[in-house]
file final-v2.cif (mmCIF, C-alpha atoms and all ligand atoms)
data_start
loop_
_atom_site.label_atom_id
_atom_site.label_comp_id
_atom_site.auth_asym_id
_atom_site.auth_seq_id
_atom_site.Cartn_x
_atom_site.Cartn_y
_atom_site.Cartn_z
CA MET I 661 87.41 128.17 103.69
CA ASN I 662 88.88 125.82 101.06
CA LYS I 663 86.90 125.25 97.87
CA LYS I 664 85.22 121.83 97.85
CA MET I 665 86.90 119.40 95.46
CA THR I 666 84.80 117.98 92.62
CA ILE I 667 85.20 114.92 90.41
CA SER I 668 86.62 117.22 87.77
CA SER I 669 89.11 119.04 90.05
CA ILE I 670 90.21 115.70 91.52
CA LYS I 671 90.90 114.32 88.03
CA LYS I 672 92.71 117.51 87.03
CA SER I 673 94.95 117.30 90.10
CA LYS I 674 96.90 114.45 88.47
CA GLY I 675 100.52 115.58 88.06
CA LEU I 676 100.02 118.54 90.41
CA ALA I 677 100.21 118.58 94.22
CA PRO I 678 99.34 115.22 95.85
CA LEU I 679 95.76 114.82 97.10
CA VAL I 680 95.24 114.53 100.87
CA MET I 681 92.62 112.01 101.99
CA ILE I 682 91.86 110.97 105.56
CA THR I 683 89.21 108.74 107.07
CA ALA I 684 86.51 110.00 109.43
CA TYR I 685 83.55 108.24 110.95
CA ASP I 686 81.75 111.04 112.76
CA ALA I 687 80.83 114.70 112.47
CA LEU I 688 83.21 115.91 115.17
CA PHE I 689 86.43 114.59 113.67
CA ALA I 690 85.26 115.30 110.11
CA SER I 691 84.79 118.97 111.03
CA LEU I 692 88.37 119.07 112.35
CA PHE I 693 89.79 117.50 109.19
CA GLU I 694 88.06 119.48 106.47
CA GLU I 695 90.33 122.52 106.65
CA SER I 696 93.43 120.51 105.70
CA CYS I 697 92.17 117.59 103.64
CA ASP I 698 90.93 117.36 100.04
CA MET I 699 88.79 114.28 100.55
CA ILE I 700 87.28 112.45 103.53
CA LEU I 701 86.80 108.70 103.34
CA VAL I 702 84.15 107.05 105.45
CA GLY I 703 86.10 103.81 105.37
CA ASP I 704 84.78 100.43 106.41
CA SER I 705 87.90 100.47 108.63
CA LEU I 706 85.39 101.96 111.10
CA ASN I 707 84.43 98.36 111.79
CA MET I 708 87.86 97.95 113.41
CA SER I 709 88.75 101.28 114.97
CA PHE I 710 85.20 102.41 115.81
CA ALA I 711 83.37 99.11 116.40
CA GLY I 712 86.36 97.12 117.73
CA LYS I 713 85.99 94.19 115.29
CA LYS I 714 89.01 92.21 114.07
CA ASP I 715 88.54 93.11 110.39
CA THR I 716 86.26 95.12 108.10
CA LEU I 717 84.09 92.28 106.86
CA SER I 718 81.06 92.63 109.11
CA ALA I 719 80.42 96.32 108.40
CA THR I 720 76.91 96.78 107.01
CA MET I 721 75.28 99.12 104.50
CA ASP I 722 73.17 100.69 107.24
CA GLN I 723 76.27 101.40 109.36
CA MET I 724 78.08 102.97 106.41
CA ILE I 725 75.06 105.16 105.67
CA TYR I 726 74.76 106.21 109.33
CA HIS I 727 78.45 107.18 109.58
CA THR I 728 78.49 108.81 106.14
CA ASN I 729 75.60 111.03 107.19
CA ALA I 730 77.48 112.01 110.35
CA VAL I 731 80.60 112.87 108.34
CA CYS I 732 78.59 114.82 105.75
CA ASN I 733 76.96 116.80 108.59
CA GLY I 734 80.35 117.66 110.10
CA ALA I 735 82.19 118.46 106.87
CA LYS I 736 79.72 120.14 104.53
CA ASN I 737 82.54 121.59 102.43
CA SER I 738 84.43 118.33 101.85
CA PHE I 739 84.40 115.75 99.10
CA ILE I 740 83.08 112.63 100.86
CA VAL I 741 83.80 109.04 99.81
CA CYS I 742 81.58 106.25 101.18
CA ASP I 743 83.15 102.79 101.30
CA MET I 744 80.87 100.02 100.07
CA PRO I 745 81.03 97.24 102.66
CA PHE I 746 81.90 93.61 101.99
CA GLY I 747 79.16 91.66 100.19
CA THR I 748 77.21 94.68 98.98
CA TYR I 749 78.57 94.81 95.41
CA THR I 750 79.06 91.17 94.45
CA ASN I 751 76.90 91.64 91.34
CA LYS I 752 75.82 94.61 89.22
CA GLU I 753 72.25 94.75 90.53
CA ASP I 754 73.20 94.72 94.23
CA ALA I 755 76.03 97.18 93.60
CA LEU I 756 73.68 99.66 91.91
CA HIS I 757 70.86 99.15 94.41
CA ASN I 758 73.18 99.73 97.38
CA SER I 759 75.04 102.65 95.78
CA ILE I 760 71.73 104.35 94.97
CA LYS I 761 70.87 103.99 98.68
CA VAL I 762 74.11 105.80 99.53
CA PHE I 763 73.36 108.60 97.07
CA GLN I 764 69.71 108.94 98.14
CA GLN I 765 70.24 108.70 101.90
CA THR I 766 73.50 110.67 102.27
CA ASN I 767 75.35 113.54 100.61
CA ALA I 768 78.37 111.37 99.75
CA ASP I 769 80.03 112.39 96.48
CA CYS I 770 81.07 108.89 95.45
CA VAL I 771 81.35 105.29 96.57
CA LYS I 772 84.55 103.25 96.85
CA ILE I 773 84.75 99.59 95.91
CA GLU I 774 87.60 97.11 96.28
CA GLY I 775 88.84 95.16 93.28
CA GLY I 776 90.55 95.43 89.92
CA GLY I 777 89.71 93.88 86.54
CA ASP I 778 87.34 91.47 88.28
CA LYS I 779 85.16 94.43 89.34
CA ALA I 780 85.39 96.41 86.08
CA ASP I 781 81.89 95.41 84.95
CA ILE I 782 80.47 96.61 88.27
CA VAL I 783 82.36 99.93 88.10
CA GLU I 784 81.08 100.36 84.54
CA HIS I 785 77.49 99.61 85.62
CA LEU I 786 77.66 102.14 88.46
CA THR I 787 79.33 104.95 86.52
CA SER I 788 76.96 104.55 83.58
CA ASN I 789 74.07 104.93 86.05
CA GLY I 790 75.27 108.17 87.60
CA ILE I 791 77.28 106.83 90.55
CA ALA I 792 80.83 108.21 90.81
CA VAL I 793 83.30 105.47 91.75
CA CYS I 794 86.67 105.53 93.48
CA GLY I 795 88.46 102.21 92.92
CA HIS I 796 90.66 100.38 95.43
CA ILE I 797 93.39 98.03 94.20
CA GLY I 798 96.42 96.23 95.66
CA LEU I 799 95.99 94.90 99.18
CA LEU I 800 92.25 94.57 99.66
CA PRO I 801 91.22 94.50 103.34
CA GLN I 802 87.90 92.85 102.43
CA SER I 803 89.91 89.87 101.09
CA VAL I 804 91.91 89.39 104.29
CA ARG I 805 90.17 86.16 105.25
CA SER I 806 90.26 84.58 101.79
CA GLU I 807 93.94 85.54 101.41
CA GLY I 808 94.88 84.45 104.94
CA GLY I 809 96.20 87.83 106.07
CA TYR I 810 97.28 91.28 104.89
CA LYS I 811 99.73 90.61 102.04
CA VAL I 812 101.84 93.34 100.42
CA LYS I 813 101.43 93.28 96.62
CA GLY I 814 103.78 93.95 93.71
CA LYS I 815 106.62 91.69 94.83
CA THR I 816 106.88 89.88 91.49
CA SER I 817 106.79 91.15 87.92
CA ALA I 818 103.58 89.17 87.36
CA GLU I 819 101.95 91.00 90.29
CA CYS I 820 103.22 94.31 88.94
CA LEU I 821 101.66 93.63 85.51
CA SER I 822 98.43 92.51 87.12
CA LEU I 823 98.22 95.73 89.20
CA ILE I 824 98.76 97.85 86.09
CA ALA I 825 96.02 95.85 84.32
CA ASP I 826 93.71 96.36 87.33
CA ALA I 827 94.30 100.12 87.36
CA ARG I 828 93.65 100.41 83.62
CA ALA I 829 90.51 98.28 83.84
CA ILE I 830 89.09 100.44 86.64
CA GLU I 831 89.96 103.62 84.75
CA ASP I 832 88.44 102.31 81.49
CA ALA I 833 85.28 101.36 83.42
CA GLY I 834 84.83 105.00 84.42
CA ALA I 835 86.35 105.38 87.91
CA PHE I 836 87.57 108.95 88.52
CA CYS I 837 90.32 107.99 90.98
CA MET I 838 91.51 104.99 92.96
CA VAL I 839 93.20 103.99 96.18
CA ILE I 840 96.23 101.71 95.95
CA GLU I 841 97.04 99.92 99.19
CA GLY I 842 100.01 97.89 100.44
CA VAL I 843 102.09 97.90 97.27
CA ILE I 844 105.89 98.11 96.78
CA ALA I 845 106.63 101.81 96.19
CA GLU I 846 108.28 101.45 92.75
CA VAL I 847 105.39 99.33 91.52
CA ALA I 848 102.80 101.79 92.84
CA GLN I 849 104.68 104.55 91.01
CA GLU I 850 104.48 102.54 87.77
CA VAL I 851 100.78 101.89 88.31
CA ALA I 852 100.12 105.60 88.89
CA ALA I 853 102.07 106.45 85.72
CA SER I 854 100.03 103.99 83.68
CA VAL I 855 96.65 105.73 84.17
CA ASP I 856 95.36 109.29 83.73
CA ILE I 857 93.30 109.40 86.94
CA PRO I 858 94.75 110.06 90.41
CA VAL I 859 96.05 107.03 92.32
CA ILE I 860 95.96 107.66 96.07
CA GLY I 861 98.34 105.54 98.11
CA ILE I 862 98.30 103.94 101.53
CA GLY I 863 101.40 101.90 102.22
CA ALA I 864 102.40 102.52 98.60
CA GLY I 865 105.26 105.03 98.82
CA ASN I 866 105.33 108.73 97.99
CA LYS I 867 105.48 108.61 94.18
CA VAL I 868 101.72 108.30 93.70
CA ASP I 869 99.11 111.05 93.28
CA GLY I 870 98.00 111.38 96.89
CA GLN I 871 97.96 109.75 100.31
CA VAL I 872 95.27 108.41 102.60
CA LEU I 873 95.60 107.39 106.24
CA VAL I 874 93.11 106.07 108.77
CA PHE I 875 92.69 108.98 111.22
CA SER I 876 92.84 106.87 114.37
CA ASP I 877 96.19 105.44 113.19
CA MET I 878 97.79 108.78 112.33
CA LEU I 879 96.56 110.42 115.52
CA GLY I 880 98.01 107.53 117.55
CA LEU I 881 94.61 106.63 118.99
CA PHE I 882 94.44 103.04 117.75
CA GLU I 883 96.77 100.96 119.90
CA ALA I 884 95.97 97.37 118.82
CA PHE I 885 98.65 97.36 116.09
CA THR I 886 100.51 99.86 113.91
CA PRO I 887 101.26 98.91 110.32
CA LYS I 888 104.72 99.93 108.98
CA PHE I 889 103.21 102.53 106.64
CA VAL I 890 101.54 104.50 109.44
CA LYS I 891 103.17 107.65 110.77
CA LYS I 892 101.75 108.73 114.13
CA TYR I 893 101.53 112.53 114.00
CA MET I 894 100.64 112.61 117.70
CA ASP I 895 100.46 110.19 120.58
CA GLY I 896 96.68 110.48 120.85
CA ALA I 897 96.23 107.47 123.14
CA SER I 898 98.61 108.88 125.79
CA LEU I 899 97.14 112.38 125.52
CA VAL I 900 93.58 111.08 125.95
CA LYS I 901 94.53 108.79 128.83
CA GLU I 902 96.40 111.59 130.61
CA ALA I 903 93.48 114.00 130.22
CA VAL I 904 90.94 111.46 131.49
CA LYS I 905 93.26 110.54 134.37
CA SER I 906 93.46 114.23 135.38
CA TYR I 907 89.67 114.52 135.21
CA ALA I 908 89.19 111.37 137.31
CA GLY I 909 91.79 112.54 139.85
CA GLU I 910 90.12 115.94 140.22
CA VAL I 911 86.66 114.39 140.63
CA LYS I 912 87.96 112.08 143.39
CA VAL I 913 89.30 115.01 145.45
CA ARG I 914 86.39 117.37 144.55
CA ASP I 915 88.66 119.80 142.64
CA PHE I 916 86.28 119.48 139.71
CA PRO I 917 83.90 121.20 139.21
CA ALA I 918 85.56 124.37 140.48
CA THR I 919 83.71 127.65 141.08
CA GLU I 920 84.08 128.73 137.43
CA HIS I 921 82.32 125.54 136.28
CA THR I 922 79.46 125.91 138.77
CA TYR I 923 76.06 127.69 138.39
O1 LIG I 1001 88.41 101.53 105.01
C1 LIG I 1001 89.37 102.29 104.90
O2 LIG I 1001 89.70 103.09 105.79
C2 LIG I 1001 90.13 102.22 103.66
C3 LIG I 1001 91.48 102.84 103.65
C4 LIG I 1001 92.44 101.86 104.26
C5 LIG I 1001 91.90 103.27 102.31
O3 LIG I 1001 89.69 101.66 102.71
#
call {"tool": "encode", "arguments": {"input": "final-v2.cif", "output": "structure tokens", "more": "lines below"}}
Ligand code: KIV
result
Amino acid sequence: MNKKMTISSIKKSKGLAPLVMITAYDALFASLFEESCDMILVGDSLNMSFAGKKDTLSATMDQMIYHTNAVCNGAKNSFIVCDMPFGTYTNKEDALHNSIKVFQQTNADCVKIEGGGDKADIVEHLTSNGIAVCGHIGLLPQSVRSEGGYKVKGKTSAECLSLIADARAIEDAGAFCMVIEGVIAEVAQEVAASVDIPVIGIGAGNKVDGQVLVFSDMLGLFEAFTPKFVKKYMDGASLVKEAVKSYAGEVKVRDFPATEHTY
């Protein structure tokens, strides 16, 4: 069994082998992922791939706590990140109140919040009150409605400078690592080089300190759309459909259950 990562071993991994993070929303999948992954993210992306909503914005604190508990139960030896949902960390008091709920009601190792310099005071408030924080900069899915879509960042030198400033602000505020999403690869590389904590990419090229993918994307289970940065490591949707079709076919002709499945 792999040794569970800690805040300290995650920080020390900078400059060594890239960190592997994957999302999970339940105990079953989490238990399958823990052997190969360093960190499991209970992402608010569950609102899309689990709950079938069009974006992440309506995920609630109670849902995140429910799914984080399931993941913690399935992957007791993994470092677990709980995403703070939209609207739960708009000010320091709410952020601390809701993060304390996560720490008291689950075994999550840290929370993740979206935002750069604008959220530095909140990151500082959480970390100085005993809550470990993973930042999330670049393309912020919780801002999809206010930005009018998912927009890749780092296309201008001003955006590049602003991303570097965001990363430094989050680091200075006490975050131990951060996710960088939807950023031009060269810019993400510069951002990663400008801080001492690991920067874990998604749609940000391979020159950062780790990678994260949404499990239902990389297993080919989520069919609604596939972003450019997703590699499907299997065609999960076809495999599942084929298996269920076989089951249904066998039930219809009474081939299932066979003698070996019968008491
Ligand atoms: O919610 C999520 O799954 C995420 C990843 C896209 C990093 O935040």
call {"tool": "closest_residue", "arguments": {"input": "final-v2.cif", "among": "I:Gly814, I:Pro801, I:Pro858, I:Gly734", "to": "ligand LIG 1001 (chain I)", "atoms": "all atoms listed in the file"}}
result
I:Pro801
call {"tool": "closest_residue", "arguments": {"input": "final-v2.cif", "among": "I:Lys713, I:Lys905, I:His796, I:Lys813", "to": "ligand LIG 1001 (chain I)", "atoms": "only C-alpha atoms and all ligand atoms"}}
result
I:His796
call {"tool": "atom_distance", "arguments": {"input": "final-v2.cif", "atom1": "CA of Met894 in chain I", "atom2": "CA of Val812 in chain I"}}
result
25.9 Å
call {"tool": "residues_near_ligand", "arguments": {"input": "final-v2.cif", "ligand": "ligand LIG 1001 (chain I)", "cutoff": "7 Å", "atoms": "only C-alpha atoms and all ligand atoms", "output": "list of chain:residue names"}}
result
I:Thr683, I:Leu701, I:Val702, I:Gly703, I:Asp704, I:Ser705, I:Leu706, I:Asp743, I:Val839, I:Glu841, I:Ile862, I:Val872, I:Leu873, I:Val874
call {"tool": "residues_near_point", "arguments": {"input": "final-v2.cif", "point": "(100.3, 96.3, 100.2)", "cutoff": "12 Å", "atoms": "all atoms listed in the file", "output": "mmCIF file with C-alpha atoms, in the frame of the given file"}}
result
data_model
loop_
_atom_site.group_PDB
_atom_site.id
_atom_site.type_symbol
_atom_site.label_atom_id
_atom_site.label_comp_id
_atom_site.auth_asym_id
_atom_site.auth_seq_id
_atom_site.Cartn_x
_atom_site.Cartn_y
_atom_site.Cartn_z
ATOM 1 C CA HIS I 796 90.660 100.380 95.430
ATOM 2 C CA ILE I 797 93.390 98.030 94.200
ATOM 3 C CA GLY I 798 96.420 96.230 95.660
ATOM 4 C CA LEU I 799 95.990 94.900 99.180
ATOM 5 C CA LEU I 800 92.250 94.570 99.660
ATOM 6 C CA PRO I 801 91.220 94.500 103.340
ATOM 7 C CA VAL I 804 91.910 89.390 104.290
ATOM 8 C CA GLY I 809 96.200 87.830 106.070
ATOM 9 C CA TYR I 810 97.280 91.280 104.890
ATOM 10 C CA LYS I 811 99.730 90.610 102.040
ATOM 11 C CA VAL I 812 101.840 93.340 100.420
ATOM 12 C CA LYS I 813 101.430 93.280 96.620
ATOM 13 C CA GLY I 814 103.780 93.950 93.710
ATOM 14 C CA LYS I 815 106.620 91.690 94.830
ATOM 15 C CA GLU I 819 101.950 91.000 90.290
ATOM 16 C CA CYS I 820 103.220 94.310 88.940
ATOM 17 C CA LEU I 823 98.220 95.730 89.200
ATOM 18 C CA VAL I 839 93.200 103.990 96.180
ATOM 19 C CA ILE I 840 96.230 101.710 95.950
ATOM 20 C CA GLU I 841 97.040 99.920 99.190
ATOM 21 C CA GLY I 842 100.010 97.890 100.440
ATOM 22 C CA VAL I 843 102.090 97.900 97.270
ATOM 23 C CA ILE I 844 105.890 98.110 96.780
ATOM 24 C CA ALA I 845 106.630 101.810 96.190
ATOM 25 C CA VAL I 847 105.390 99.330 91.520
ATOM 26 C CA ALA I 848 102.800 101.790 92.840
ATOM 27 C CA GLY I 861 98.340 105.540 98.110
ATOM 28 C CA ILE I 862 98.300 103.940 101.530
ATOM 29 C CA GLY I 863 101.400 101.900 102.220
ATOM 30 C CA ALA I 864 102.400 102.520 98.600
ATOM 31 C CA GLY I 865 105.260 105.030 98.820
ATOM 32 C CA PRO I 887 101.260 98.910 110.320
ATOM 33 C CA LYS I 888 104.720 99.930 108.980
ATOM 34 C CA PHE I 889 103.210 102.530 106.640
#
call {"tool": "residues_around", "arguments": {"input": "final-v2.cif", "residues": "Cys742 in chain I", "least_positions_apart": "6", "cutoff": "10 Å", "atoms": "all atoms listed in the file", "output": "list in words"}}
result
Thr683, Ile700, Leu701, Val702, Gly703, Asp704, Met724, Ile725, His727, Thr728, Asn729, Val731, Ser759, Val762, Phe763, Thr766, Asn767, Ala768, Asp769, Cys770, Val771, Lys772, Ile773, Val793 and Cys794 of chain I
call {"tool": "closest_residue", "arguments": {"input": "final-v2.cif", "among": "I:Thr750, I:Tyr685, I:Ala853, I:Ser709", "to": "Ala730 in chain I", "atoms": "all atoms listed in the file"}}
result
I:Tyr685
call {"tool": "atom_distance", "arguments": {"input": "final-v2.cif", "atom1": "CA of Ala833 in chain I", "atom2": "CA of Glu846 in chain I"}}
result
24.8 Å
call {"tool": "atom_distance", "arguments": {"input": "final-v2.cif", "atom1": "CA of His785 in chain I", "atom2": "CA of Ser718 in chain I"}}
result
24.8 Å
call {"tool": "closest_residue", "arguments": {"input": "final-v2.cif", "among": "I:Glu902, I:Asp722, I:Asp869, I:Glu784", "to": "Gly834 in chain I", "atoms": "all atoms listed in the file"}}
result
I:Glu784
call {"tool": "closest_residue", "arguments": {"input": "final-v2.cif", "among": "I:Ser806, I:Thr816, I:Thr666, I:Ser822", "to": "Phe836 in chain I", "atoms": "all atoms listed in the file"}}
result
I:Thr666
call {"tool": "closest_residue", "arguments": {"input": "final-v2.cif", "among": "I:Tyr923, I:Phe916, I:Phe710, I:Phe739", "to": "Ser876 in chain I", "atoms": "all atoms listed in the file"}}
result
I:Phe710
call {"tool": "residues_around", "arguments": {"input": "final-v2.cif", "residues": "Ser803 in chain I", "least_positions_apart": "5", "cutoff": "10 Å", "atoms": "only C-alpha atoms", "output": "list in words"}}
result
Asp715, Thr716, Leu717, Phe746, Glu774, Gly775, Gly808, Gly809, Tyr810 and Lys811 of chain I
call {"tool": "write_last_selection", "arguments": {"input": "final-v2.cif", "atoms": "C-alpha atoms", "output": "PDB file, in the frame of the given file"}}
result
ATOM      1  CA  ASP I 715      88.540  93.110 110.390  1.00  0.00           C
ATOM      2  CA  THR I 716      86.260  95.120 108.100  1.00  0.00           C
ATOM      3  CA  LEU I 717      84.090  92.280 106.860  1.00  0.00           C
ATOM      4  CA  PHE I 746      81.900  93.610 101.990  1.00  0.00           C
ATOM      5  CA  GLU I 774      87.600  97.110  96.280  1.00  0.00           C
ATOM      6  CA  GLY I 775      88.840  95.160  93.280  1.00  0.00           C
ATOM      7  CA  GLY I 808      94.880  84.450 104.940  1.00  0.00           C
ATOM      8  CA  GLY I 809      96.200  87.830 106.070  1.00  0.00           C
ATOM      9  CA  TYR I 810      97.280  91.280 104.890  1.00  0.00           C
ATOM     10  CA  LYS I 811      99.730  90.610 102.040  1.00  0.00           C
TER      11      LYS I 811
END
call {"tool": "residues_around", "arguments": {"input": "final-v2.cif", "residues": "Val900 in chain I", "least_positions_apart": "5", "cutoff": "12 Å", "atoms": "only C-alpha atoms", "output": "PyMOL selection string"}}
result
chain I and resi 879-882+894-895+905-907
call {"tool": "axis_aligned_box", "arguments": {"input": "final-v2.cif", "around": "range 868-874 of chain I", "padding_each_side": "5 Å", "output": "AutoDock Vina command-line options"}}
result
--center_x 97.4 --center_y 108.7 --center_z 101.0 --size_x 18.6 --size_y 15.3 --size_z 25.5
call {"tool": "residues_around", "arguments": {"input": "final-v2.cif", "residues": "Met665 in chain I", "least_positions_apart": "4", "cutoff": "10 Å", "atoms": "only C-alpha atoms", "output": "MDAnalysis selection string"}}
result
chainID I and resid 669:671 673 697:699 737:740 769
call {"tool": "decode", "arguments": {"input": "final-v2.cif", "residues": "range 701-740 of chain I", "atoms": "C-alpha atoms", "output": "mmCIF file, in the first residue's frame"}}
result
data_model
loop_
_atom_site.group_PDB
_atom_site.id
_atom_site.type_symbol
_atom_site.label_atom_id
_atom_site.label_comp_id
_atom_site.auth_asym_id
_atom_site.auth_seq_id
_atom_site.Cartn_x
_atom_site.Cartn_y
_atom_site.Cartn_z
ATOM 1 C CA LEU I 701 -10.279 15.693 -5.249
ATOM 2 C CA VAL I 702 -13.946 15.686 -4.359
ATOM 3 C CA GLY I 703 -14.582 18.341 -6.988
ATOM 4 C CA ASP I 704 -17.739 20.379 -7.315
ATOM 5 C CA SER I 705 -17.615 19.044 -10.901
ATOM 6 C CA LEU I 706 -19.800 16.337 -9.323
ATOM 7 C CA ASN I 707 -22.650 18.772 -9.887
ATOM 8 C CA MET I 708 -22.199 18.158 -13.626
ATOM 9 C CA SER I 709 -21.046 14.573 -14.030
ATOM 10 C CA PHE I 710 -22.857 13.123 -10.992
ATOM 11 C CA ALA I 711 -25.927 15.368 -10.678
ATOM 12 C CA GLY I 712 -26.325 16.181 -14.394
ATOM 13 C CA LYS I 713 -26.401 19.984 -13.949
ATOM 14 C CA LYS I 714 -25.053 22.342 -16.630
ATOM 15 C CA ASP I 715 -22.327 23.844 -14.421
ATOM 16 C CA THR I 716 -20.901 23.600 -10.902
ATOM 17 C CA LEU I 717 -22.677 26.588 -9.393
ATOM 18 C CA SER I 718 -25.579 24.903 -7.622
ATOM 19 C CA ALA I 719 -23.490 22.393 -5.664
ATOM 20 C CA THR I 720 -24.125 22.824 -1.931
ATOM 21 C CA MET I 721 -22.031 22.469 1.218
ATOM 22 C CA ASP I 722 -24.161 19.529 2.365
ATOM 23 C CA GLN I 723 -23.621 17.717 -0.956
ATOM 24 C CA MET I 724 -19.867 18.279 -0.805
ATOM 25 C CA ILE I 725 -19.774 16.953 2.757
ATOM 26 C CA TYR I 726 -21.860 13.893 1.807
ATOM 27 C CA HIS I 727 -19.620 13.017 -1.160
ATOM 28 C CA THR I 728 -16.411 13.805 0.737
ATOM 29 C CA ASN I 729 -17.448 11.369 3.449
ATOM 30 C CA ALA I 730 -18.108 8.698 0.818
ATOM 31 C CA VAL I 731 -14.683 9.267 -0.758
ATOM 32 C CA CYS I 732 -12.948 9.263 2.641
ATOM 33 C CA ASN I 733 -14.669 5.943 3.454
ATOM 34 C CA GLY I 734 -13.492 4.388 0.179
ATOM 35 C CA ALA I 735 -9.935 5.727 0.192
ATOM 36 C CA LYS I 736 -8.742 5.783 3.796
ATOM 37 C CA ASN I 737 -5.112 5.937 2.702
ATOM 38 C CA SER I 738 -5.449 8.900 0.334
ATOM 39 C CA PHE I 739 -4.952 12.621 0.721
ATOM 40 C CA ILE I 740 -8.463 14.018 0.162
#
